[in-house]
Amino acid sequence: MTKRPEPNRRQVLGAGLALGAAGVLGLSGCAGREAAPDSTFVLLDGSQARTADLQGKVTLVNFWATTCVTCVKEMPALVATHQKYAPRGYETMAVAMSYDPPAWVVNFVQSRQLPFKVALDNTGEIAKAWGDVKLTPTTYLLDKQGRIVKRYVGEPEMDALHKLIEELLAA
């Protein structure tokens, strides 16, 4: 019986980094579009929305926190994107992370007059259902059928995001 050589640490780390990068970049091979998780979003006004309610619209689901510098930085661009495309059947759902104090979220939404739906994920169940989101911002773009088209970790490149939204709205 021949003993296989043990991979060295650099090979193992390199493979791990490559797999990690694929996960972070949202690369999914040829699997096609995956249906968005069935979730119930509790909105700031106390009403609820389900993932199924988002079907029929191109939807951006953004996991964020008031304490996340990049989240705060990208919010004006998300507002502008929402205002630009909402009349054409585009929706934005901002999901505040479980560790974000609800009073801070309410203050942020009111002071910046966010024009889209904002949900509180008090239990962390929504983030868990959407791939165990831990890093913010993490953003998903859904097509009209409620399937995940793209996942972004960090701030999306807005020109590319807008191009993709245009394509999905035209489909």
# chains A, B, ... in the order shown; residues from 1 in each chain; ligands from 1
>>> residues_around(residues="Gly124 in chain A", least_positions_apart="6", cutoff="10 Å", atoms="only C-alpha atoms", output="short mmCIF file (atom, residue, chain, number, x, y, z; two decimals) with all heavy atoms, in the first residue's frame")
data_model
loop_
_atom_site.label_atom_id
_atom_site.label_comp_id
_atom_site.auth_asym_id
_atom_site.auth_seq_id
_atom_site.Cartn_x
_atom_site.Cartn_y
_atom_site.Cartn_z
N ALA A 96 -32.15 44.79 9.10
CA ALA A 96 -31.21 45.16 10.16
C ALA A 96 -30.82 43.91 10.94
O ALA A 96 -31.69 43.10 11.31
CB ALA A 96 -31.84 46.20 11.08
N MET A 97 -29.55 43.76 11.20
CA MET A 97 -29.03 42.57 11.88
C MET A 97 -29.54 42.49 13.32
O MET A 97 -29.89 43.50 13.93
CB MET A 97 -27.50 42.58 11.86
CG MET A 97 -26.90 42.53 10.46
SD MET A 97 -27.26 41.01 9.56
CE MET A 97 -26.10 39.89 10.35
N SER A 98 -29.55 41.29 13.86
CA SER A 98 -30.11 41.03 15.19
C SER A 98 -29.41 41.82 16.30
O SER A 98 -30.02 42.16 17.31
CB SER A 98 -30.07 39.54 15.51
OG SER A 98 -28.74 39.08 15.54
N TYR A 99 -28.13 42.12 16.12
CA TYR A 99 -27.38 42.84 17.16
C TYR A 99 -27.58 44.35 17.10
O TYR A 99 -27.08 45.08 17.95
CB TYR A 99 -25.89 42.50 17.09
CG TYR A 99 -25.27 42.71 15.72
CD1 TYR A 99 -24.87 43.97 15.29
CD2 TYR A 99 -25.08 41.63 14.86
CE1 TYR A 99 -24.32 44.17 14.04
CE2 TYR A 99 -24.52 41.81 13.60
CZ TYR A 99 -24.14 43.08 13.20
OH TYR A 99 -23.59 43.26 11.96
N ASP A 132 -26.71 32.14 6.51
CA ASP A 132 -26.02 32.44 7.76
C ASP A 132 -25.18 33.71 7.62
O ASP A 132 -23.98 33.72 7.88
CB ASP A 132 -25.17 31.26 8.22
CG ASP A 132 -24.89 31.30 9.72
OD1 ASP A 132 -25.59 32.04 10.45
OD2 ASP A 132 -23.96 30.61 10.17
N VAL A 133 -25.84 34.77 7.19
CA VAL A 133 -25.17 36.07 6.98
C VAL A 133 -24.57 36.55 8.29
O VAL A 133 -25.26 36.64 9.30
CB VAL A 133 -26.17 37.12 6.43
CG1 VAL A 133 -25.51 38.49 6.36
CG2 VAL A 133 -26.70 36.70 5.07
N LYS A 134 -23.29 36.84 8.26
CA LYS A 134 -22.59 37.40 9.43
C LYS A 134 -21.90 38.72 9.07
O LYS A 134 -21.73 39.58 9.92
CB LYS A 134 -21.57 36.40 9.96
CG LYS A 134 -22.20 35.10 10.44
CD LYS A 134 -21.48 34.53 11.63
CE LYS A 134 -21.97 33.19 12.07
NZ LYS A 134 -23.36 33.09 12.42
#
>>> select_by_dssp(residues="range 42-151 of chain A", states="helix (DSSP H, G or I)", output="JSON, numbers by chain")
{"A": [51, 52, 53, 54, 69, 70, 71, 72, 73, 74, 75, 76, 77, 78, 79, 80, 81, 82, 83, 84, 85, 86, 87, 88, 102, 103, 104, 105, 106, 107, 108, 109, 110, 111, 125, 126, 127, 128, 129]}
>>> select_by_dssp(residues="range 66-105 of chain A", states="strand (DSSP E)", output="MDAnalysis selection string")
chainID A and resid 90:96
>>> residues_around(residues="Asp38 in chain A", least_positions_apart="3", cutoff="8 Å", atoms="only C-alpha atoms", output="PDB file with all heavy atoms, in the first residue's frame")
ATOM      1  N   ARG A  50     -43.538  38.579   3.421  1.00  0.00           N
ATOM      2  CA  ARG A  50     -42.895  37.272   3.217  1.00  0.00           C
ATOM      3  C   ARG A  50     -42.092  37.320   1.916  1.00  0.00           C
ATOM      4  O   ARG A  50     -42.348  38.151   1.054  1.00  0.00           O
ATOM      5  CB  ARG A  50     -43.953  36.173   3.144  1.00  0.00           C
ATOM      6  CG  ARG A  50     -44.721  36.003   4.444  1.00  0.00           C
ATOM      7  CD  ARG A  50     -45.642  34.803   4.421  1.00  0.00           C
ATOM      8  NE  ARG A  50     -44.954  33.568   4.126  1.00  0.00           N
ATOM      9  CZ  ARG A  50     -44.326  32.808   5.025  1.00  0.00           C
ATOM     10  NH1 ARG A  50     -44.316  33.179   6.290  1.00  0.00           N
ATOM     11  NH2 ARG A  50     -43.730  31.691   4.677  1.00  0.00           N
ATOM     12  N   THR A  51     -41.182  36.407   1.812  1.00  0.00           N
ATOM     13  CA  THR A  51     -40.385  36.328   0.589  1.00  0.00           C
ATOM     14  C   THR A  51     -41.304  36.211  -0.624  1.00  0.00           C
ATOM     15  O   THR A  51     -41.066  36.843  -1.649  1.00  0.00           O
ATOM     16  CB  THR A  51     -39.422  35.123   0.651  1.00  0.00           C
ATOM     17  OG1 THR A  51     -38.626  35.237   1.833  1.00  0.00           O
ATOM     18  CG2 THR A  51     -38.509  35.090  -0.552  1.00  0.00           C
ATOM     19  N   ALA A  52     -42.367  35.427  -0.503  1.00  0.00           N
ATOM     20  CA  ALA A  52     -43.303  35.240  -1.620  1.00  0.00           C
ATOM     21  C   ALA A  52     -43.927  36.563  -2.070  1.00  0.00           C
ATOM     22  O   ALA A  52     -44.258  36.732  -3.249  1.00  0.00           O
ATOM     23  CB  ALA A  52     -44.388  34.241  -1.227  1.00  0.00           C
ATOM     24  N   ALA A 129     -31.313  31.998   7.633  1.00  0.00           N
ATOM     25  CA  ALA A 129     -31.972  31.385   6.475  1.00  0.00           C
ATOM     26  C   ALA A 129     -31.337  31.813   5.154  1.00  0.00           C
ATOM     27  O   ALA A 129     -31.334  31.054   4.191  1.00  0.00           O
ATOM     28  CB  ALA A 129     -33.461  31.735   6.477  1.00  0.00           C
TER      29      ALA A 129
END
>>> closest_residue(among="A:Leu142, A:Leu164, A:Leu43, A:Leu120", to="Gln55 in chain A", atoms="only C-alpha atoms")
A:Leu142
>>> closest_residue(among="A:Met158, A:Cys68, A:Leu168, A:Val118", to="Val42 in chain A", atoms="only C-alpha atoms")
A:Val118
>>> residues_around(residues="range 149-157 of chain A", least_positions_apart="4", cutoff="12 Å", atoms="only C-alpha atoms", output="MDAnalysis selection string")
chainID A and resid 21:28 31:36 58:64 68:78 81 130:131 133:145 161:165 167:168
>>> closest_residue(among="A:Thr67, A:Lys117, A:Lys84, A:Gly89", to="Pro101 in chain A", atoms="only C-alpha atoms")
A:Thr67
>>> atom_distance(atom1="CA of Gln83 in chain A", atom2="CA of Glu125 in chain A")
28.7 Å
>>> atom_distance(atom1="CA of Thr92 in chain A", atom2="CA of Leu54 in chain A")
9.4 Å
>>> closest_residue(among="A:Arg147, A:Gly46, A:Leu169, A:Val95", to="Thr123 in chain A", atoms="only C-alpha atoms")
A:Val95
>>> closest_residue(among="A:Asp159, A:Phe41, A:Asp121, A:Ala127", to="Met93 in chain A", atoms="only C-alpha atoms")
A:Phe41
>>> atom_distance(atom1="CA of Ala80 in chain A", atom2="CA of Glu166 in chain A")
14.5 Å
